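Enquirer: The following file, start_11.cif, comprises mmCIF, C-alpha atoms:
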data_my_file
loop_
_atom_site.label_atom_id
_atom_site.label_comp_id
_atom_site.auth_asym_id
_atom_site.auth_seq_id
_atom_site.Cartn_x
_atom_site.Cartn_y
_atom_site.Cartn_z
CA MET A 1 70.62 7.68 -25.50
CA VAL A 2 74.35 7.05 -25.52
CA ALA A 3 75.54 3.52 -25.03
CA LEU A 4 77.58 2.45 -22.03
CA VAL A 5 81.33 2.79 -22.49
CA ALA A 6 83.67 -0.01 -21.47
CA PRO A 7 85.36 0.66 -18.09
CA ARG A 8 88.82 0.56 -19.66
CA LEU A 9 87.84 3.27 -22.14
CA ALA A 10 86.10 5.33 -19.44
CA LEU A 11 89.27 5.19 -17.34
CA ALA A 12 91.30 6.37 -20.34
CA ASP A 13 88.91 9.31 -20.78
CA ALA A 14 89.09 10.15 -17.08
CA LEU A 15 92.91 10.09 -17.10
CA CYS A 16 92.99 12.39 -20.12
CA CYS A 17 90.68 14.77 -18.25
CA VAL A 18 93.02 14.63 -15.23
CA GLY A 19 95.77 15.87 -17.55
CA LEU A 20 93.50 18.63 -18.81
CA GLY A 21 92.78 19.61 -15.19
CA PHE A 22 96.51 19.80 -14.44
CA LEU A 23 97.04 21.94 -17.55
CA LEU A 24 94.18 24.27 -16.66
CA ALA A 25 95.42 24.67 -13.08
CA ALA A 26 98.97 25.37 -14.27
CA LEU A 27 97.70 28.06 -16.66
CA TYR A 28 95.60 29.59 -13.88
CA ASP A 29 98.56 29.59 -11.48
CA LEU A 30 100.85 31.14 -14.10
CA ALA A 31 98.32 33.87 -14.79
CA ARG A 32 98.02 34.57 -11.03
CA ILE A 33 101.81 34.82 -10.77
CA LEU A 34 102.08 37.17 -13.75
CA LEU A 35 99.00 39.34 -13.08
CA GLY A 36 99.01 39.39 -9.29
CA GLY A 37 96.46 38.45 -6.70
CA ALA A 38 94.18 41.48 -6.56
CA LYS A 39 90.48 40.75 -6.13
CA PRO A 40 89.37 41.99 -9.59
CA VAL A 41 92.16 40.02 -11.25
CA CYS A 42 91.21 36.86 -9.34
CA PHE A 43 87.56 37.35 -10.25
CA VAL A 44 88.34 37.63 -13.97
CA LEU A 45 90.76 34.69 -13.82
CA ASP A 46 88.18 32.55 -11.99
CA LEU A 47 85.57 33.30 -14.65
CA ALA A 48 88.06 32.60 -17.43
CA ALA A 49 89.16 29.32 -15.80
CA PHE A 50 85.54 28.24 -15.38
CA ALA A 51 84.76 28.99 -19.02
CA LEU A 52 87.97 27.32 -20.20
CA ALA A 53 87.21 24.22 -18.10
CA GLY A 54 83.83 23.88 -19.79
CA LEU A 55 85.36 24.45 -23.21
CA LEU A 56 88.11 21.88 -22.60
CA LEU A 57 85.65 19.33 -21.28
CA CYS A 58 83.20 19.75 -24.16
CA GLY A 59 86.00 19.85 -26.72
CA PHE A 60 87.57 16.69 -25.35
CA ALA A 61 84.22 14.92 -25.24
CA ALA A 62 83.44 15.88 -28.83
CA CYS A 63 86.84 15.14 -30.33
CA ARG A 64 88.70 12.51 -28.33
CA SER A 65 86.40 10.70 -25.93
CA TYR A 66 85.10 7.24 -26.64
CA SER A 67 81.51 8.13 -25.76
CA GLY A 68 81.30 11.42 -27.66
CA VAL A 69 79.46 13.22 -24.86
CA VAL A 70 80.47 14.69 -21.53
CA ARG A 71 80.20 12.13 -18.75
CA TRP A 72 80.46 12.50 -14.98
CA TYR A 73 83.82 10.75 -14.80
CA MET A 74 85.27 13.30 -17.23
CA ALA A 75 84.20 16.19 -14.99
CA ALA A 76 85.49 14.28 -11.95
CA GLY A 77 88.83 13.71 -13.71
CA LEU A 78 89.10 17.42 -14.56
CA ALA A 79 88.29 18.36 -10.96
CA GLY A 80 90.78 15.78 -9.74
CA GLY A 81 93.50 17.26 -11.93
CA LEU A 82 92.75 20.73 -10.60
CA ALA A 83 92.79 19.52 -6.99
CA GLY A 84 95.95 17.49 -7.55
CA TYR A 85 97.77 20.49 -8.91
CA PHE A 86 96.64 22.91 -6.23
CA TRP A 87 97.30 20.50 -3.34
CA GLY A 88 100.43 18.85 -4.70
CA ILE A 89 102.31 21.07 -7.10
CA ALA A 90 101.12 24.62 -6.36
CA PRO A 91 102.98 24.95 -3.02
CA ALA A 92 106.23 24.19 -4.83
CA THR A 93 105.48 26.66 -7.63
CA ARG A 94 104.56 29.36 -5.10
CA ALA A 95 107.83 28.75 -3.24
CA ALA A 96 109.74 28.93 -6.53
CA ASP A 97 107.89 32.15 -7.39
CA ARG A 98 108.82 33.73 -4.04
CA THR A 99 112.45 32.63 -4.44
CA ILE A 100 112.70 34.02 -7.95
CA LYS A 101 111.16 37.33 -6.93
CA TRP A 102 113.48 37.49 -3.91
CA LEU A 103 116.53 36.84 -6.11
CA LEU A 104 115.44 39.44 -8.66
CA THR A 105 114.93 42.13 -6.01
CA ARG A 106 118.22 41.54 -4.13
CA PRO A 107 120.36 43.90 -6.26
CA PHE A 108 117.89 46.72 -5.67
CA ALA A 109 117.68 46.01 -1.94
CA LEU A 110 121.47 45.96 -1.66
CA ALA A 111 121.74 49.20 -3.62
CA HIS A 112 119.22 50.75 -1.25
CA VAL A 113 121.10 49.60 1.86
CA LEU A 114 124.64 50.27 0.62
CA VAL A 115 124.17 53.41 -1.49
CA LEU A 116 120.86 55.20 -1.11
CA ARG A 117 120.45 55.03 2.67
CA PRO A 118 123.98 56.40 3.45
CA LEU A 119 123.57 59.05 0.76
CA ALA A 120 120.25 60.11 2.24
CA GLY A 121 121.89 60.29 5.66
CA LEU A 122 124.66 62.50 4.31
CA LEU A 123 122.21 64.78 2.56
CA ALA A 124 120.03 64.99 5.64
CA GLY A 125 123.08 65.81 7.78
CA ALA A 126 124.18 68.50 5.37
CA ALA A 127 120.69 69.96 5.29
CA ARG A 128 120.54 69.84 9.09
CA GLY A 129 123.90 71.63 9.30
CA ALA A 130 122.83 74.29 6.83
CA TYR A 131 119.59 74.80 8.72
CA ALA A 132 121.46 75.03 12.03
CA GLY A 133 123.72 77.74 10.58
CA PHE A 134 120.71 79.63 9.35
CA VAL A 135 119.06 79.40 12.76
CA GLN A 136 122.24 80.65 14.49
CA LYS A 137 122.45 83.66 12.19
CA LYS A 138 118.77 84.39 12.76
CA ASN A 139 119.21 84.17 16.54
CA ALA A 140 122.26 86.45 16.38
CA ARG A 141 120.23 89.05 14.50
CA ARG A 142 117.49 88.81 17.10
CA LYS A 143 120.01 89.41 19.89
CA LEU A 144 121.23 92.49 18.11
CA LYS A 145 117.71 93.78 17.75
CA ARG A 146 116.94 93.12 21.41
CA THR A 147 119.71 95.30 22.80
CA LYS A 148 118.29 98.53 24.07
CA GLN A 149 119.24 101.74 22.39
CA LEU A 150 120.11 104.18 25.12
CA GLN A 151 119.85 107.93 24.70
CA ASN A 152 122.94 109.88 23.94
CA GLN A 153 124.26 111.24 27.25
CA GLY A 154 125.13 114.63 25.81
CA ARG A 155 121.63 115.33 24.61
CA VAL A 156 119.38 114.62 27.53
CA LEU A 157 116.13 116.53 27.10
CA TYR A 158 114.00 117.63 30.01
CA ASN A 159 110.44 118.66 29.93
CA SER A 160 110.10 122.19 30.95
#
Output the file's structure in the form of C-alpha coordinates.

Expert:
Amino acid sequence: MVALVAPRLALADALCCVGLGFLLAALYDLARILLGGAKPVCFVLDLAAFALAGLLLCGFAACRSYSGVVRWYMAAGLAGGLAGYFWGIAPATRAADRTIKWLLTRPFALAHVLVLRPLAGLLAGAARGAYAGFVQKKNARRKLKRTKQLQNQGRVLYNS
(Lines of atoms letter the chains of each structure in order from A and count residues from 1; the text may use other names and numbers.)
(Lines give C-alpha, C1' and ligand atoms only; values in the text may rest on other atoms or scores of the structure.)
Protein backbone atom coordinates (compact mmCIF):
# COMPACT_ATOMS: atom_id res chain seq x y z
CA MET A 1 0.00 0.00 0.00
CA VAL A 2 1.19 3.48 -0.89
CA ALA A 3 1.93 5.85 1.93
CA LEU A 4 -0.05 9.03 2.49
CA VAL A 5 1.32 12.06 0.65
CA ALA A 6 1.70 15.39 2.41
CA PRO A 7 -1.16 17.81 1.58
CA ARG A 8 1.27 20.35 0.12
CA LEU A 9 2.64 17.75 -2.29
CA ALA A 10 -0.85 16.46 -3.14
CA LEU A 11 -1.91 20.02 -3.98
CA ALA A 12 1.14 20.39 -6.24
CA ASP A 13 0.17 17.16 -8.03
CA ALA A 14 -3.43 18.32 -8.40
CA LEU A 15 -2.36 21.69 -9.84
CA CYS A 16 -0.09 19.96 -12.36
CA CYS A 17 -3.04 17.79 -13.39
CA VAL A 18 -5.18 20.94 -13.79
CA GLY A 19 -2.58 22.15 -16.29
CA LEU A 20 -2.71 18.81 -18.08
CA GLY A 21 -6.51 19.10 -18.23
CA PHE A 22 -6.25 22.58 -19.77
CA LEU A 23 -3.74 21.26 -22.32
CA LEU A 24 -5.92 18.29 -23.21
CA ALA A 25 -9.01 20.49 -23.60
CA ALA A 26 -7.11 22.96 -25.78
CA LEU A 27 -5.89 20.14 -28.04
CA TYR A 28 -9.42 18.75 -28.26
CA ASP A 29 -10.85 22.17 -29.11
CA LEU A 30 -8.18 22.78 -31.75
CA ALA A 31 -8.90 19.41 -33.34
CA ARG A 32 -12.65 20.22 -33.38
CA ILE A 33 -11.93 23.55 -35.06
CA LEU A 34 -9.66 22.00 -37.69
CA LEU A 35 -11.65 18.81 -38.37
CA GLY A 36 -15.19 20.10 -37.94
CA GLY A 37 -18.06 19.06 -35.75
CA ALA A 38 -19.56 16.10 -37.61
CA LYS A 39 -20.78 13.24 -35.44
CA PRO A 40 -18.17 10.66 -36.58
CA VAL A 41 -15.38 13.20 -36.08
CA CYS A 42 -16.64 14.05 -32.59
CA PHE A 43 -16.91 10.37 -31.72
CA VAL A 44 -13.31 9.69 -32.76
CA LEU A 45 -12.06 12.83 -31.01
CA ASP A 46 -13.93 11.90 -27.81
CA LEU A 47 -12.35 8.44 -27.81
CA ALA A 48 -8.92 9.91 -28.51
CA ALA A 49 -9.32 12.51 -25.74
CA PHE A 50 -10.44 9.83 -23.29
CA ALA A 51 -7.45 7.64 -24.12
CA LEU A 52 -5.06 10.61 -24.01
CA ALA A 53 -6.46 11.68 -20.62
CA GLY A 54 -5.72 8.24 -19.21
CA LEU A 55 -2.27 8.23 -20.76
CA LEU A 56 -1.45 11.69 -19.42
CA LEU A 57 -2.71 10.83 -15.96
CA CYS A 58 -0.81 7.54 -15.75
CA GLY A 59 2.31 9.09 -17.27
CA PHE A 60 2.24 11.99 -14.82
CA ALA A 61 1.67 9.66 -11.89
CA ALA A 62 4.56 7.42 -12.92
CA CYS A 63 7.06 10.14 -13.76
CA ARG A 64 6.35 13.33 -11.84
CA SER A 65 3.94 12.73 -8.98
CA TYR A 66 5.11 12.48 -5.40
CA SER A 67 3.10 9.34 -4.70
CA GLY A 68 3.99 7.41 -7.86
CA VAL A 69 0.44 6.17 -8.42
CA VAL A 70 -2.74 7.71 -9.73
CA ARG A 71 -4.77 9.28 -6.94
CA TRP A 72 -8.30 10.68 -6.90
CA TYR A 73 -7.12 14.28 -6.60
CA MET A 74 -5.10 13.88 -9.80
CA ALA A 75 -8.18 12.75 -11.73
CA ALA A 76 -10.19 15.57 -10.10
CA GLY A 77 -7.50 18.08 -11.12
CA LEU A 78 -7.56 16.80 -14.70
CA ALA A 79 -11.36 17.02 -14.79
CA GLY A 80 -11.18 20.48 -13.26
CA GLY A 81 -8.77 21.63 -15.95
CA LEU A 82 -11.07 20.29 -18.65
CA ALA A 83 -14.12 21.96 -17.10
CA GLY A 84 -12.23 25.21 -16.55
CA TYR A 85 -11.22 25.36 -20.18
CA PHE A 86 -14.62 24.49 -21.60
CA TRP A 87 -16.53 26.86 -19.30
CA GLY A 88 -14.01 29.69 -19.18
CA ILE A 89 -11.81 29.79 -22.25
CA ALA A 90 -13.70 27.83 -24.93
CA PRO A 91 -16.38 30.50 -25.53
CA ALA A 92 -13.62 32.99 -26.34
CA THR A 93 -11.83 30.55 -28.65
CA ARG A 94 -15.10 29.72 -30.44
CA ALA A 95 -15.80 33.44 -30.91
CA ALA A 96 -12.26 33.93 -32.25
CA ASP A 97 -12.76 30.95 -34.58
CA ARG A 98 -16.02 32.40 -35.94
CA THR A 99 -14.38 35.81 -36.41
CA ILE A 100 -11.39 34.37 -38.23
CA LYS A 101 -13.58 32.27 -40.51
CA TRP A 102 -15.80 35.30 -41.18
CA LEU A 103 -12.76 37.44 -42.07
CA LEU A 104 -11.33 34.75 -44.33
CA THR A 105 -14.59 34.33 -46.24
CA ARG A 106 -15.31 38.06 -46.75
CA PRO A 107 -13.33 38.43 -50.01
CA PHE A 108 -15.24 35.54 -51.54
CA ALA A 109 -18.59 36.87 -50.34
CA LEU A 110 -17.81 40.31 -51.74
CA ALA A 111 -16.71 38.80 -55.05
CA HIS A 112 -19.99 36.90 -55.17
CA VAL A 113 -22.08 40.00 -54.46
CA LEU A 114 -20.14 42.46 -56.61
CA VAL A 115 -19.07 40.29 -59.56
CA LEU A 116 -20.77 36.92 -59.84
CA ARG A 117 -24.36 37.93 -59.05
CA PRO A 118 -24.46 40.85 -61.58
CA LEU A 119 -22.72 38.68 -64.18
CA ALA A 120 -25.26 35.92 -63.65
CA GLY A 121 -28.04 38.49 -64.02
CA LEU A 122 -26.58 39.72 -67.30
CA LEU A 123 -26.18 36.22 -68.64
CA ALA A 124 -29.69 35.30 -67.59
CA GLY A 125 -31.06 38.44 -69.25
CA ALA A 126 -29.18 37.69 -72.44
CA ALA A 127 -30.41 34.12 -72.42
CA ARG A 128 -33.96 35.34 -71.76
CA GLY A 129 -33.69 37.77 -74.69
CA ALA A 130 -32.34 35.11 -77.01
CA TYR A 131 -35.09 32.74 -75.96
CA ALA A 132 -37.73 35.44 -76.48
CA GLY A 133 -36.42 36.05 -80.02
CA PHE A 134 -36.57 32.35 -80.73
CA VAL A 135 -40.14 32.15 -79.43
CA GLN A 136 -41.19 35.13 -81.60
CA LYS A 137 -39.74 33.53 -84.71
CA LYS A 138 -41.44 30.25 -83.87
CA ASN A 139 -44.79 32.01 -83.35
CA ALA A 140 -44.37 33.89 -86.65
CA ARG A 141 -43.82 30.60 -88.46
CA ARG A 142 -46.92 29.16 -86.84
CA LYS A 143 -48.98 32.14 -88.02
CA LEU A 144 -47.75 31.59 -91.53
CA LYS A 145 -48.69 27.95 -91.37
CA ARG A 146 -52.14 28.74 -90.00
CA THR A 147 -53.22 30.94 -92.90
CA LYS A 148 -55.59 29.07 -95.12
CA GLN A 149 -54.55 28.26 -98.64
CA LEU A 150 -57.46 29.17 -100.85
CA GLN A 151 -58.06 27.56 -104.22
CA ASN A 152 -57.01 29.38 -107.30
CA GLN A 153 -60.06 31.23 -108.63
CA GLY A 154 -59.32 30.38 -112.25
CA ARG A 155 -59.33 26.66 -111.68
CA VAL A 156 -62.48 25.92 -109.77
CA LEU A 157 -63.43 22.28 -110.30
CA TYR A 158 -66.99 21.05 -110.09
CA ASN A 159 -68.14 17.55 -109.65
CA SER A 160 -70.06 16.44 -112.61

Enquirer: Do a neighbour search on Cys16 in chain A at 9 Å with all atoms listed in the file, toss out local chain neighbours closer than 5 positions, and write the hits as number ranges by chain.

Expert: A: 11, 21, 60, 65, 74, 77-78

Enquirer: Any idea what the distance is between CA of Leu122 in chain A and CA of Ala140 in chain A?

Expert: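 Result for CA of Leu122 in chain A versus CA of Ala140 in chain A: 26.9 Å, one decimal.
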
Enquirer: Set up a box along x, y and z of the file covering all listed atoms of range 2-21 of chain A, add 8 Å on every one of the six sides, and write the centre and edge lengths in Å to one decimal, as JSON.

Expert:
{"center_x": 85.1, "center_y": 9.8, "center_z": -20.4, "size_x": 37.4, "size_y": 35.6, "size_z": 26.3}

Enquirer: Take CA of Gly37 in chain A and CA of Gly80 in chain A and report the distance between them in Å, one decimal.

Expert: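 Computing the Euclidean distance for CA of Gly37 in chain A and CA of Gly80 in chain A yields 23.6 Å.
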
Enquirer: Between A:Ala25, A:Ala127, A:Cys63, A:Val18, which is the closest to Phe50 in chain A once you count all atoms listed in the file?

Expert: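 Smallest distance to Phe50 in chain A is found for A:Ala25.
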
Enquirer: Which residue, A:Ala120, A:Asp97, A:Arg142, A:Leu103, has the smallest gap to Gly36 in chain A when you use only C-alpha atoms?

Expert: A:Asp97

Enquirer: Mind giving me the straight-line distance from CA of Ala6 in chain A to CA of Cys58 in chain A in Å, one decimal?

Expert: 19.9 Å

Enquirer: Report as a short mmCIF file (atom, residue, chain, number, x, y, z; two decimals) with C-alpha atoms, keeping the file's coordinate frame the full result of the PyMOL selection byres ((chain A and resi 81-84) around 10) when it is applied to this structure.

Expert:
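Output contents, as saved in selection_19.cif:
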data_model
loop_
_atom_site.label_atom_id
_atom_site.label_comp_id
_atom_site.auth_asym_id
_atom_site.auth_seq_id
_atom_site.Cartn_x
_atom_site.Cartn_y
_atom_site.Cartn_z
CA ALA A 14 89.09 10.15 -17.08
CA LEU A 15 92.91 10.09 -17.10
CA CYS A 16 92.99 12.39 -20.12
CA CYS A 17 90.68 14.77 -18.25
CA VAL A 18 93.02 14.63 -15.23
CA GLY A 19 95.77 15.87 -17.55
CA LEU A 20 93.50 18.63 -18.81
CA GLY A 21 92.78 19.61 -15.19
CA PHE A 22 96.51 19.80 -14.44
CA LEU A 23 97.04 21.94 -17.55
CA LEU A 24 94.18 24.27 -16.66
CA ALA A 25 95.42 24.67 -13.08
CA ALA A 26 98.97 25.37 -14.27
CA TYR A 28 95.60 29.59 -13.88
CA ALA A 53 87.21 24.22 -18.10
CA ALA A 75 84.20 16.19 -14.99
CA ALA A 76 85.49 14.28 -11.95
CA GLY A 77 88.83 13.71 -13.71
CA LEU A 78 89.10 17.42 -14.56
CA ALA A 79 88.29 18.36 -10.96
CA GLY A 80 90.78 15.78 -9.74
CA TYR A 85 97.77 20.49 -8.91
CA PHE A 86 96.64 22.91 -6.23
CA TRP A 87 97.30 20.50 -3.34
CA GLY A 88 100.43 18.85 -4.70
CA ILE A 89 102.31 21.07 -7.10
CA ALA A 90 101.12 24.62 -6.36
#

Enquirer: Can you turn the PyMOL selection byres ((chain A and resi 45) around 12) into a concrete residue list for this file, as a list in words?

Expert: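 Given this file, the PyMOL selection byres ((chain A and resi 45) around 12) evaluates to Leu24, Ala25, Leu27, Tyr28, Asp29, Leu30, Ala31, Arg32, Ile33, Leu34, Leu35, Gly36, Gly37, Ala38, Lys39, Pro40, Val41, Cys42, Phe43, Val44, Asp46, Leu47, Ala48, Ala49, Phe50, Ala51, Leu52 and Ala53 of chain A.
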
Enquirer: Taking all atoms listed in the file into account, name the residue in A:Ala111, A:Ala126, A:Ala62, A:Leu116 that is nearest to Asp13 in chain A.

Expert: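 With all atoms listed in the file as the atom set, the closest residue is A:Ala62.
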